[in-house]
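For reference, the structure discussed in these notes is given below.
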Amino acid sequence: MVAPSDYIAYFDETGDHGLDNIDPAFPVFVLCGWVFKIKDYLQKECPAFCAIKFDHFGHDAVVFHSRDIRKRQGPFQILTNNRRRRDFIADISDYFESSTGTLIAAGINKTLLTQQYAFPNNPYSMSLLFCLERIYAHLEI
């Protein structure tokens, strides 16, 4: 039986972790982990984030993908209206500023990595290891 934890972590990445065809316009891979106390996540974080979704989209089924938000596509076409975009960005910014979560991130410049090492490790594996080490240190405090 697995012992329950008081914490939960969510991970997401941006960029491609491959080293064969590095895009010179975006040569980075970033992995982020966001750690929450489960009690805070359930009582504060989820309701606050769902409120943003309902306020701006009328439901909470919308999935926030940074690319869609930046390019104002899919449900984020509403952000072509400057006032709506400003209000949405302000609400998201306020949410992150007041969040009880701890953000742990690792970014790797793949071009520099391949220049420095003849046989570089996989950027995803490296980033995950770093994030897990930092989360472990954070939870040990």
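Residue numbering restarts at 1 in every chain; chains get A, B, ... in the order shown in the structure tokens, and ligands count up from 1 in that same order.
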Give the alpha helix (DSSP H) residues of chain A, as assigned by DSSP on the backbone, as a count of residues only.
63
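Among the residues of chain A, backbone DSSP assigns strand (DSSP E) to Tyr7, Ile8, Ala9, Tyr10, Phe11, Asp12, Glu13, Thr14, Val28, Phe29, Val30, Leu31, Cys32, Gly33, Trp34, Val35, Phe36, Lys37, Thr102, Leu103, Ile104, Ala105, Ala106, Gly107, Ile108 and Asn109 of chain A.
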Pick from A:Phe96, A:Tyr7, A:Phe64, A:Phe54: nearest to A:Ile38, with only C-alpha atoms counted?
A:Tyr7
I need the residue nearest A:Ile8 from this list: A:Val30, A:Arg86, A:Phe36, A:Ile22. Use only C-alpha atoms for the distance.
A:Phe36
Could you check which of A:Phe26, A:His138, A:Asn21, A:His56 is closest to A:Gly101, using only C-alpha atoms?
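Of A:Phe26, A:His138, A:Asn21, A:His56, the one nearest A:Gly101 is A:His138, counting only C-alpha atoms.
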Could you please determine the separation between atom CA of A:Ala25 and atom CA of A:Lys110 in Å, to one decimal place?
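Here the two named atoms are 11.7 Å from each other.
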Please identify all polymer residues within 12 Å of stretch 71-83 of chain A, counting only C-alpha atoms, omitting same-chain residues fewer than 4 positions from it, and present them as an MDAnalysis selection string.
chainID A and resid 53 56:67 87:90
Residue selection dump (C-alpha atoms) as a PDB file, in the first residue's frame:
```pdb
ATOM      1  CA  LYS A  53     -12.401  29.685 -16.826  1.00  0.00           C
ATOM      2  CA  HIS A  56     -13.894  34.210 -19.456  1.00  0.00           C
ATOM      3  CA  PHE A  57     -15.316  31.162 -21.276  1.00  0.00           C
ATOM      4  CA  GLY A  58     -18.570  30.319 -19.505  1.00  0.00           C
ATOM      5  CA  HIS A  59     -17.417  26.784 -18.619  1.00  0.00           C
ATOM      6  CA  ASP A  60     -14.393  25.020 -17.154  1.00  0.00           C
ATOM      7  CA  ALA A  61     -13.703  22.536 -19.963  1.00  0.00           C
ATOM      8  CA  VAL A  62     -11.273  24.834 -21.779  1.00  0.00           C
ATOM      9  CA  VAL A  63      -7.653  23.645 -21.663  1.00  0.00           C
ATOM     10  CA  PHE A  64      -5.028  26.362 -21.347  1.00  0.00           C
ATOM     11  CA  HIS A  65      -2.253  25.788 -23.882  1.00  0.00           C
ATOM     12  CA  SER A  66       0.221  28.656 -24.047  1.00  0.00           C
ATOM     13  CA  ARG A  67       0.533  28.339 -27.821  1.00  0.00           C
ATOM     14  CA  ASP A  87      -8.638  41.287 -18.368  1.00  0.00           C
ATOM     15  CA  PHE A  88      -7.748  37.634 -19.013  1.00  0.00           C
ATOM     16  CA  ILE A  89      -4.000  38.240 -18.631  1.00  0.00           C
ATOM     17  CA  ALA A  90      -4.634  40.270 -15.453  1.00  0.00           C
TER      18      ALA A  90
END
```
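The smallest atom-to-atom distance between A:Asp23 and any of A:Asn109, A:Phe130, A:Asp40, A:Ser5, using only C-alpha atoms, is found for A:Asn109.
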Quick one, how far is atom CA of A:Thr111 from atom CA of A:Phe11?
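These two atoms are separated by 23.5 Å.
For the atom pair formed by atom CA of A:Phe29 and atom CA of A:Ile108, the distance is 5.3 Å, given to one decimal.
Among A:Ala118, A:Leu128, A:Cys50, A:Ile104, the residue with the shortest atom-to-atom distance to A:Asp91, counting only C-alpha atoms, is A:Cys50.
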